[in-house]
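Have a look at work_2.pdb; it's PDB, C-alpha atoms:
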```
ATOM      1  CA  MET A   1     -16.525   8.839  18.360
ATOM      2  CA  ASN A   2     -14.254   7.550  15.649
ATOM      3  CA  LYS A   3     -15.153   4.162  14.125
ATOM      4  CA  ALA A   4     -11.535   2.977  14.105
ATOM      5  CA  LEU A   5     -11.234   3.774  17.823
ATOM      6  CA  ASN A   6     -14.362   1.713  18.406
ATOM      7  CA  TYR A   7     -12.632  -1.271  16.799
ATOM      8  CA  LEU A   8      -9.693  -0.775  19.158
ATOM      9  CA  GLY A   9     -12.123  -0.892  22.082
ATOM     10  CA  ILE A  10     -13.691  -4.087  20.767
ATOM     11  CA  ALA A  11     -10.243  -5.635  20.306
ATOM     12  CA  ARG A  12      -9.290  -4.755  23.880
ATOM     13  CA  LYS A  13     -12.489  -6.162  25.348
ATOM     14  CA  SER A  14     -12.196  -9.387  23.369
ATOM     15  CA  GLY A  15      -8.555  -9.917  24.318
ATOM     16  CA  GLY A  16      -7.334  -9.362  20.774
ATOM     17  CA  MET A  17      -5.154  -6.367  21.658
ATOM     18  CA  GLU A  18      -2.204  -5.763  23.974
ATOM     19  CA  THR A  19      -1.012  -2.295  24.908
ATOM     20  CA  GLY A  20       2.359  -0.982  25.948
ATOM     21  CA  GLU A  21       5.741  -1.256  24.317
ATOM     22  CA  ASP A  22       6.914  -4.347  26.207
ATOM     23  CA  ASN A  23       3.759  -6.387  25.577
ATOM     24  CA  SER A  24       3.505  -5.295  21.949
ATOM     25  CA  SER A  25       7.129  -6.031  21.136
ATOM     26  CA  GLY A  26       6.837  -9.483  22.703
ATOM     27  CA  LEU A  27       3.827 -10.325  20.549
ATOM     28  CA  VAL A  28       5.546  -9.087  17.402
ATOM     29  CA  LYS A  29       8.684 -11.107  18.118
ATOM     30  CA  ALA A  30       6.573 -14.202  18.829
ATOM     31  CA  GLY A  31       4.808 -13.767  15.474
ATOM     32  CA  LYS A  32       1.352 -13.363  17.023
ATOM     33  CA  ALA A  33       0.753  -9.664  16.301
ATOM     34  CA  ARG A  34      -0.948  -8.759  13.022
ATOM     35  CA  VAL A  35      -0.822  -4.956  13.341
ATOM     36  CA  LEU A  36       1.444  -2.788  15.478
ATOM     37  CA  ILE A  37      -0.135   0.586  16.171
ATOM     38  CA  VAL A  38       1.965   3.635  17.054
ATOM     39  CA  ALA A  39       0.349   6.860  18.312
ATOM     40  CA  SER A  40       0.873  10.084  16.390
ATOM     41  CA  ASP A  41       2.589  11.871  19.295
ATOM     42  CA  THR A  42       5.038   9.051  20.040
ATOM     43  CA  SER A  43       8.710   9.965  20.291
ATOM     44  CA  GLU A  44      11.027   9.346  17.354
ATOM     45  CA  GLY A  45      13.002   6.798  19.372
ATOM     46  CA  ALA A  46       9.888   4.725  20.039
ATOM     47  CA  LYS A  47       8.942   4.879  16.356
ATOM     48  CA  ARG A  48      12.411   3.639  15.408
ATOM     49  CA  ARG A  49      12.149   0.796  17.912
ATOM     50  CA  ALA A  50       8.742  -0.143  16.481
ATOM     51  CA  GLU A  51      10.252  -0.299  12.996
ATOM     52  CA  GLY A  52      12.930  -2.604  14.377
ATOM     53  CA  TYR A  53      10.308  -4.870  15.956
ATOM     54  CA  VAL A  54       8.436  -5.425  12.696
ATOM     55  CA  PHE A  55      11.559  -5.761  10.533
ATOM     56  CA  GLU A  56      11.354  -9.019   8.541
ATOM     57  CA  THR A  57       7.981 -10.038  10.013
ATOM     58  CA  ASN A  58       4.466 -10.152   8.593
ATOM     59  CA  THR A  59       3.325  -7.539  11.103
ATOM     60  CA  VAL A  60       1.980  -4.310   9.626
ATOM     61  CA  LEU A  61       3.251  -1.113  11.282
ATOM     62  CA  VAL A  62       0.741   1.741  11.304
ATOM     63  CA  GLU A  63       1.159   5.239  12.711
ATOM     64  CA  VAL A  64      -2.414   6.172  13.565
ATOM     65  CA  PRO A  65      -3.797   9.721  13.695
ATOM     66  CA  PHE A  66      -4.725   9.263  17.360
ATOM     67  CA  THR A  67      -2.768  10.588  20.326
ATOM     68  CA  LYS A  68      -1.533   8.624  23.319
ATOM     69  CA  ASP A  69      -4.418  10.009  25.361
ATOM     70  CA  GLU A  70      -7.027   8.744  22.897
ATOM     71  CA  ILE A  71      -5.475   5.278  22.790
ATOM     72  CA  SER A  72      -5.138   5.289  26.584
ATOM     73  CA  SER A  73      -8.804   6.169  27.071
ATOM     74  CA  ILE A  74      -9.822   3.200  24.909
ATOM     75  CA  SER A  75      -7.334   0.729  26.391
ATOM     76  CA  GLY A  76      -7.756   1.749  30.021
ATOM     77  CA  LYS A  77      -4.005   2.132  30.577
ATOM     78  CA  SER A  78      -2.285   5.488  30.806
ATOM     79  CA  GLY A  79       0.488   6.578  28.457
ATOM     80  CA  CYS A  80       0.044   3.917  25.774
ATOM     81  CA  SER A  81       2.086   4.817  22.733
ATOM     82  CA  MET A  82       2.001   1.338  21.149
ATOM     83  CA  ALA A  83      -0.568  -1.395  20.830
ATOM     84  CA  ALA A  84      -0.575  -4.721  19.011
ATOM     85  CA  ILE A  85      -3.710  -6.284  17.519
ATOM     86  CA  THR A  86      -3.536 -10.071  17.402
ATOM     87  CA  ASP A  87      -6.975 -10.867  15.976
ATOM     88  CA  LEU A  88      -6.823 -10.873  12.182
ATOM     89  CA  GLY A  89     -10.467 -10.004  11.575
ATOM     90  CA  LEU A  90     -10.400  -7.050  13.967
ATOM     91  CA  ALA A  91      -7.110  -5.881  12.477
ATOM     92  CA  ALA A  92      -8.653  -5.904   9.000
ATOM     93  CA  ALA A  93     -11.773  -4.072  10.214
ATOM     94  CA  PHE A  94      -9.660  -1.478  12.040
ATOM     95  CA  LEU A  95      -7.486  -0.785   8.992
ATOM     96  CA  LYS A  96     -10.531  -0.690   6.720
ATOM     97  CA  ALA A  97     -12.107   1.969   8.960
ATOM     98  CA  LEU A  98      -8.852   3.947   8.973
ATOM     99  CA  ALA A  99      -8.576   3.739   5.189
ATOM    100  CA  TYR A 100     -12.193   4.852   4.788
ATOM    101  CA  GLU A 101     -11.817   7.830   7.126
ATOM    102  CA  ASN A 102      -8.327   8.972   6.093
ATOM    103  CA  GLY A 103      -8.105   8.023   2.439
ATOM    104  CA  GLU A 104      -5.012   6.768   0.647
ATOM    105  CA  LYS A 105      -2.626   6.807   3.607
ATOM    106  CA  TYR A 106      -3.891   3.555   5.145
ATOM    107  CA  SER A 107      -5.173   1.730   2.062
ATOM    108  CA  ASP A 108      -1.815  -0.020   1.469
ATOM    109  CA  ALA A 109      -1.778  -1.382   5.030
ATOM    110  CA  TYR A 110      -5.377  -2.561   4.634
ATOM    111  CA  GLU A 111      -4.559  -4.329   1.370
ATOM    112  CA  ARG A 112      -1.603  -6.140   3.017
ATOM    113  CA  ILE A 113      -3.670  -7.394   5.945
ATOM    114  CA  GLU A 114      -6.590  -8.336   3.692
ATOM    115  CA  ALA A 115      -4.270 -10.386   1.445
ATOM    116  CA  LEU A 116      -2.947 -12.150   4.548
ATOM    117  CA  ARG A 117      -6.491 -12.828   5.761
ATOM    118  CA  GLN A 118      -7.504 -14.296   2.399
ATOM    119  CA  ARG A 119      -4.383 -16.479   2.307
ATOM    120  CA  ILE A 120      -5.183 -17.873   5.744
ATOM    121  CA  GLU A 121      -8.837 -18.471   4.818
ATOM    122  CA  LYS A 122      -7.743 -20.342   1.686
ATOM    123  CA  ARG A 123      -5.380 -22.492   3.754
ATOM    124  CA  LYS A 124      -8.178 -23.267   6.232
ATOM    125  CA  GLU A 125     -10.441 -24.414   3.398
ATOM    126  CA  GLY A 126      -7.867 -27.010   2.352
ATOM    127  CA  LYS A 127      -7.629 -28.408   5.873
ATOM    128  CA  THR A 128     -11.358 -29.022   6.178
ATOM    129  CA  SER A 129     -11.457 -31.554   3.356
ATOM    130  CA  PRO A 130     -13.478 -34.585   4.503
ATOM    131  CA  LEU A 131     -10.823 -37.125   3.429
ATOM    132  CA  ARG A 132      -7.771 -35.184   4.548
ATOM    133  CA  GLY A 133      -5.994 -36.917   7.405
ATOM    134  CA  SER A 134      -8.372 -39.852   7.528
ATOM    135  CA  LYS A 135      -7.473 -43.366   6.543
ATOM    136  CA  THR A 136      -9.562 -44.818   3.781
ATOM    137  CA  GLY A 137     -10.021 -48.369   2.639
ATOM    138  CA  ILE A 138     -10.391 -51.702   4.390
ATOM    139  CA  ARG A 139      -8.334 -52.330   7.464
ATOM    140  CA  ARG A 140      -6.792 -55.675   8.241
ATOM    141  CA  LYS A 141      -7.178 -57.189  11.631
ATOM    142  CA  LYS A 142      -4.075 -57.329  13.738
ATOM    143  CA  SER A 143      -2.697 -60.783  14.383
ATOM    144  CA  VAL A 144      -2.258 -61.662  18.008
TER     145      VAL A 144
END
```

Once you've parsed the file, please lay out its structure as C-alpha cells.
Amino acid sequence: MNKALNYLGIARKSGGMETGEDNSSGLVKAGKARVLIVASDTSEGAKRRAEGYVFETNTVLVEVPFTKDEISSISGKSGCSMAAITDLGLAAAFLKALAYENGEKYSDAYERIEALRQRIEKRKEGKTSPLRGSKTGIRRKKSV
C-alpha cells in the first residue's frame, strides 16, 4: 500500500481529516484546513470549486494521484472526491510522502506547508517564555 495513503488513514482515525465536499469546504472557509485534497478522477467543476474554496487562504490545494475509490476505501465513505486535512503535522507528513514518491510535482506544496509549520513552531516558542504574561515585582497590599 502507498505510504501517502497510509497517512490519510492515520489522519482519518485521529480525527484530523474530513471527507466530502461540504465538510471540506466548511473547514477551508473557517480557516481550519491545512491541505485540501482532490482526487485525480474528480470532475472539472469540482476542481474549479476547490480552487475557489482555497482562494486567498493559507490552505494548500493538492490534486493527488489517487482515485475516488482509493480515497473512499481509506476514509470509509463512498464517492469521496475531496478531503481536508486539519492536522498540520499529518499534512506535512502526507505531502512529504507524496513528494518522495512522485518527485517534483508535490515538492512545492510540501515546502509551503513545512514553512507554515516552522512559522507556527517559532510562534509557540515565544509564547512559552517563563516571564511572558506573568507579573513580576513586589505587589502592594490592597487597602480596605

Margin query: Counting all atoms listed in the file, which residue out of A:Gln118, A:Ser73, A:Ser143, A:Thr59 sits closest to A:Ser24?
Written below: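 Of A:Gln118, A:Ser73, A:Ser143, A:Thr59, the one nearest A:Ser24, counting all atoms listed in the file, is A:Thr59.
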
Note to self: Selection in question (the file shown): the PyMOL selection byres ((chain A and resi 84) around 6). Which residues does it include, as an MDAnalysis selection string?
What the structure shows: chainID A and resid 17:18 24 33 35:36 83 85

Item checked: Answer key for the PyMOL selection byres ((chain A and resi 104-106) around 12), residues as number ranges by chain -> A: 4, 60-65, 92, 94-103, 107-113

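With all atoms listed in the file as the atoms that count, the minimum distance from A:Thr67 to the choices A:Met82, A:Tyr7, A:Asp22, A:Ser40 is reached by A:Ser40.
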
Notebook entry, point to check: A:Ala46: which residues within 12 Å, counting all atoms listed in the file, same-chain residues fewer than 4 positions away excluded, as a ChimeraX atom specification?
Noted result: /A:20-22,25,37-42,50-53,63,80-82

Next item on the list: Could you jot down the atom CA of A:Ile71 to atom CA of A:Thr57 separation for me, Å, one decimal place?
Entry: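 Answer for the atom CA of A:Ile71 to atom CA of A:Thr57 separation: 24.1 Å.
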
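Note that the spacing between atom CA of A:Leu116 and atom CA of A:Leu88 amounts to 8.7 Å.
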
Item checked: Which residue of A:Leu90, A:Ala30, A:Val54, A:Ile120 approaches A:Asn6 most closely, using all atoms listed in the file ->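 Comparing A:Leu90, A:Ala30, A:Val54, A:Ile120 against A:Asn6, the winner is A:Leu90.
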
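Shortest atom-to-atom contact with A:Ala91 among A:Glu114, A:Glu44, A:Glu121, A:Asp69: A:Glu114, counting all atoms listed in the file.
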
Margin query: Ranking A:Lys29, A:Arg49, A:Lys122, A:Lys13 by minimum distance to A:Gly76 and counting all atoms listed in the file, which one comes first?
Written below: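 Once distances to A:Gly76 are computed over all atoms listed in the file, the minimum belongs to A:Lys13.
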
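Here atom CA of A:Ala11 and atom CA of A:Arg34 stand 12.2 Å from one another.
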
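Distances here use all atoms listed in the file; by that measure, the residue among A:Glu70, A:Val28, A:Lys47, A:Ser75 closest to A:Gly9 is A:Ser75.
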